[in-house]
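input.pdb, holding PDB, C-alpha atoms, pLDDT in the B column:
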```pdb
ATOM      1  CA  MET A   3       0.000   0.000   0.000  1.00 46.00           C
ATOM      2  CA  SER A   4       1.372   3.429  -0.822  1.00 45.00           C
ATOM      3  CA  ASP A   5       2.250   5.855   1.992  1.00 45.00           C
ATOM      4  CA  ALA A   6      -0.256   8.352   0.601  1.00 44.00           C
ATOM      5  CA  VAL A   7      -3.096   5.944   1.429  1.00 45.00           C
ATOM      6  CA  LEU A   8      -2.049   5.530   5.068  1.00 45.00           C
ATOM      7  CA  SER A   9      -3.843   7.817   7.487  1.00 46.00           C
ATOM      8  CA  ASN A  10      -4.911   8.030  11.134  1.00 57.00           C
ATOM      9  CA  SER A  11      -8.039   6.077  10.207  1.00 84.00           C
ATOM     10  CA  ALA A  12      -6.080   3.006   9.045  1.00 89.00           C
ATOM     11  CA  VAL A  13      -7.265  -0.238  10.627  1.00 92.00           C
ATOM     12  CA  PHE A  14      -6.151  -3.853  10.600  1.00 94.00           C
ATOM     13  CA  THR A  15      -8.662  -5.687   8.421  1.00 95.00           C
ATOM     14  CA  SER A  16      -9.139  -9.334   7.596  1.00 95.00           C
ATOM     15  CA  PHE A  17     -11.637 -10.538   4.998  1.00 96.00           C
ATOM     16  CA  HIS A  18     -12.802 -14.165   5.227  1.00 96.00           C
ATOM     17  CA  VAL A  19     -14.513 -15.385   2.068  1.00 97.00           C
ATOM     18  CA  LEU A  20     -16.307 -18.659   1.390  1.00 97.00           C
ATOM     19  CA  ALA A  21     -16.917 -19.271  -2.310  1.00 98.00           C
ATOM     20  CA  ASP A  22     -17.643 -21.936  -4.881  1.00 98.00           C
ATOM     21  CA  THR A  23     -14.428 -23.408  -6.262  1.00 97.00           C
ATOM     22  CA  CYS A  24     -13.953 -22.218  -9.826  1.00 95.00           C
ATOM     23  CA  PRO A  25     -11.177 -21.068 -12.171  1.00 94.00           C
ATOM     24  CA  GLY A  26     -10.500 -17.347 -11.909  1.00 94.00           C
ATOM     25  CA  LEU A  27     -11.883 -16.963  -8.389  1.00 97.00           C
ATOM     26  CA  LEU A  28      -8.678 -15.737  -6.744  1.00 97.00           C
ATOM     27  CA  PRO A  29      -7.908 -12.904  -9.196  1.00 97.00           C
ATOM     28  CA  ARG A  30     -11.541 -11.762  -8.987  1.00 97.00           C
ATOM     29  CA  LEU A  31     -11.226 -11.551  -5.189  1.00 98.00           C
ATOM     30  CA  LEU A  32      -8.084  -9.415  -5.467  1.00 97.00           C
ATOM     31  CA  GLN A  33      -9.695  -6.961  -7.902  1.00 97.00           C
ATOM     32  CA  PRO A  34     -11.581  -4.879  -5.259  1.00 97.00           C
ATOM     33  CA  LEU A  35      -8.226  -4.238  -3.543  1.00 97.00           C
ATOM     34  CA  ALA A  36      -6.294  -3.551  -6.739  1.00 97.00           C
ATOM     35  CA  LYS A  37      -8.748  -0.964  -8.047  1.00 96.00           C
ATOM     36  CA  ARG A  38      -8.264   0.993  -4.783  1.00 96.00           C
ATOM     37  CA  ASP A  39      -4.443   0.741  -4.952  1.00 96.00           C
ATOM     38  CA  LEU A  40      -4.397  -1.638  -1.961  1.00 96.00           C
ATOM     39  CA  VAL A  41      -2.225  -4.729  -1.557  1.00 96.00           C
ATOM     40  CA  ALA A  42      -2.980  -7.561   0.874  1.00 97.00           C
ATOM     41  CA  ASP A  43      -0.263  -8.132   3.472  1.00 97.00           C
ATOM     42  CA  ALA A  44      -1.318 -11.774   3.718  1.00 97.00           C
ATOM     43  CA  PHE A  45      -3.398 -13.951   1.415  1.00 97.00           C
ATOM     44  CA  HIS A  46      -4.331 -17.559   2.125  1.00 98.00           C
ATOM     45  CA  ALA A  47      -6.609 -19.816   0.109  1.00 98.00           C
ATOM     46  CA  ARG A  48      -7.506 -23.455   0.583  1.00 98.00           C
ATOM     47  CA  ARG A  49      -9.829 -25.662  -1.393  1.00 97.00           C
ATOM     48  CA  GLU A  50     -12.139 -28.113   0.327  1.00 97.00           C
ATOM     49  CA  GLY A  51     -13.988 -29.938  -2.406  1.00 95.00           C
ATOM     50  CA  ASP A  52     -16.536 -27.662  -4.031  1.00 97.00           C
ATOM     51  CA  VAL A  53     -15.753 -24.664  -1.786  1.00 98.00           C
ATOM     52  CA  THR A  54     -12.715 -22.450  -1.345  1.00 98.00           C
ATOM     53  CA  HIS A  55     -11.873 -20.571   1.842  1.00 98.00           C
ATOM     54  CA  VAL A  56      -9.909 -17.355   1.351  1.00 98.00           C
ATOM     55  CA  GLU A  57      -8.454 -14.966   3.927  1.00 97.00           C
ATOM     56  CA  MET A  58      -6.994 -11.600   2.955  1.00 97.00           C
ATOM     57  CA  ALA A  59      -5.397  -9.410   5.626  1.00 97.00           C
ATOM     58  CA  LEU A  60      -4.323  -5.782   5.402  1.00 96.00           C
ATOM     59  CA  HIS A  61      -2.334  -4.324   8.279  1.00 93.00           C
ATOM     60  CA  ALA A  62      -3.381  -0.714   7.664  1.00 91.00           C
ATOM     61  CA  MET A  63      -6.457  -0.367   5.483  1.00 93.00           C
ATOM     62  CA  PRO A  64      -8.259   2.979   5.250  1.00 93.00           C
ATOM     63  CA  ALA A  65     -11.306   2.531   7.488  1.00 91.00           C
ATOM     64  CA  GLU A  66     -13.629   4.213   5.000  1.00 91.00           C
ATOM     65  CA  MET A  67     -12.843   1.521   2.390  1.00 94.00           C
ATOM     66  CA  VAL A  68     -13.620  -1.550   4.520  1.00 94.00           C
ATOM     67  CA  HIS A  69     -17.346  -1.665   3.780  1.00 94.00           C
ATOM     68  CA  LEU A  70     -16.779  -0.874   0.084  1.00 96.00           C
ATOM     69  CA  VAL A  71     -14.348  -3.761  -0.393  1.00 97.00           C
ATOM     70  CA  ALA A  72     -16.571  -6.125   1.619  1.00 96.00           C
ATOM     71  CA  GLY A  73     -19.512  -5.207  -0.610  1.00 96.00           C
ATOM     72  CA  ASN A  74     -17.491  -5.767  -3.773  1.00 97.00           C
ATOM     73  CA  LEU A  75     -16.284  -9.144  -2.506  1.00 97.00           C
ATOM     74  CA  GLY A  76     -19.879 -10.164  -1.874  1.00 96.00           C
ATOM     75  CA  GLN A  77     -20.735  -9.374  -5.503  1.00 96.00           C
ATOM     76  CA  VAL A  78     -18.099 -11.709  -6.960  1.00 97.00           C
ATOM     77  CA  VAL A  79     -19.729 -14.622  -8.792  1.00 95.00           C
ATOM     78  CA  GLY A  80     -19.711 -17.732  -6.615  1.00 96.00           C
ATOM     79  CA  VAL A  81     -19.103 -15.991  -3.278  1.00 97.00           C
ATOM     80  CA  ARG A  82     -21.338 -17.456  -0.588  1.00 96.00           C
ATOM     81  CA  GLU A  83     -20.205 -15.500   2.459  1.00 96.00           C
ATOM     82  CA  VAL A  84     -17.946 -12.594   3.410  1.00 96.00           C
ATOM     83  CA  ARG A  85     -16.928 -11.963   7.021  1.00 95.00           C
ATOM     84  CA  VAL A  86     -14.858  -8.968   8.079  1.00 95.00           C
ATOM     85  CA  GLN A  87     -12.701  -8.460  11.164  1.00 92.00           C
ATOM     86  CA  HIS A  88     -11.161  -5.063  11.778  1.00 82.00           C
ATOM     87  CA  GLY A  89      -9.796  -2.841  14.509  1.00 78.00           C
ATOM     88  CA  ARG A  90      -7.184  -0.220  15.244  1.00 58.00           C
ATOM     89  CA  GLU A  91      -3.691  -1.356  14.377  1.00 46.00           C
ATOM     90  CA  MET A  92      -0.764  -0.768  16.685  1.00 39.00           C
ATOM     91  CA  LEU A  93       1.341   1.735  14.757  1.00 40.00           C
ATOM     92  CA  LEU A  94       4.411   1.378  17.010  1.00 35.00           C
ATOM     93  CA  ARG A  95       6.263  -1.879  16.536  1.00 36.00           C
ATOM     94  CA  ALA A  96       9.351  -3.301  18.213  1.00 37.00           C
ATOM     95  CA  ALA A  97      12.477  -3.008  16.062  1.00 36.00           C
TER      96      ALA A  97
END
```

Once you've parsed the file, please lay out its structure as structure tokens.
Amino acid sequence: MSDAVLSNSAVFTSFHVLADTCPGLLPRLLQPLAKRDLVADAFHARREGDVTHVEMALHAMPAEMVHLVAGNLGQVVGVREVRVQHGREMLLRAA
């Protein structure tokens, strides 16, 4: 994520998506982030038969974008469920 996007309203955010397994699913899930110039700090996907579980985490996501991205993820073809966890991130870290 670019420094220009970081602000005092940045929050840790984790999106948990349950979707039908299909080709092209993963790039479609990244699109709502990419079009807002955001990059996931962690991305994990696992297939369990006909469903795929995906978790995308951003350490400092602009708070005003959380609901927009969640809404876009819910509109992706094949997505069954989107859960969001977010909260204030600790900005000071041990060196």

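Taken over the shown file, the PyMOL selection byres ((chain A and resi 76) around 12) identifies Phe17, His18, Val19, Leu20, Ala21, Arg30, Leu31, Pro34, His69, Leu70, Val71, Ala72, Gly73, Asn74, Leu75, Gln77, Val78, Val79, Gly80, Val81, Arg82, Glu83, Val84, Arg85 and Val86 of chain A.
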
Write out as a ChimeraX atom specification each polymer residue whose atoms come within 9 Å of region 37-47 of chain A, counting only C-alpha atoms; drop sequence neighbours fewer than 5 positions from it.
/A:3-4,7,28,32,54-61,63,67,71

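A straight line drawn from CA of His88 (chain A) to CA of Arg48 (chain A) is 21.8 Å long.
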
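Here CA of Pro64 (chain A) stands at a distance of 26.7 Å from CA of Gly26 (chain A).
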
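Shortest separation to Ala62 (chain A) among A:Gly89, A:Arg49, A:Val13, A:Leu27 occurs at residue A:Val13, atoms counted being all atoms listed in the file.
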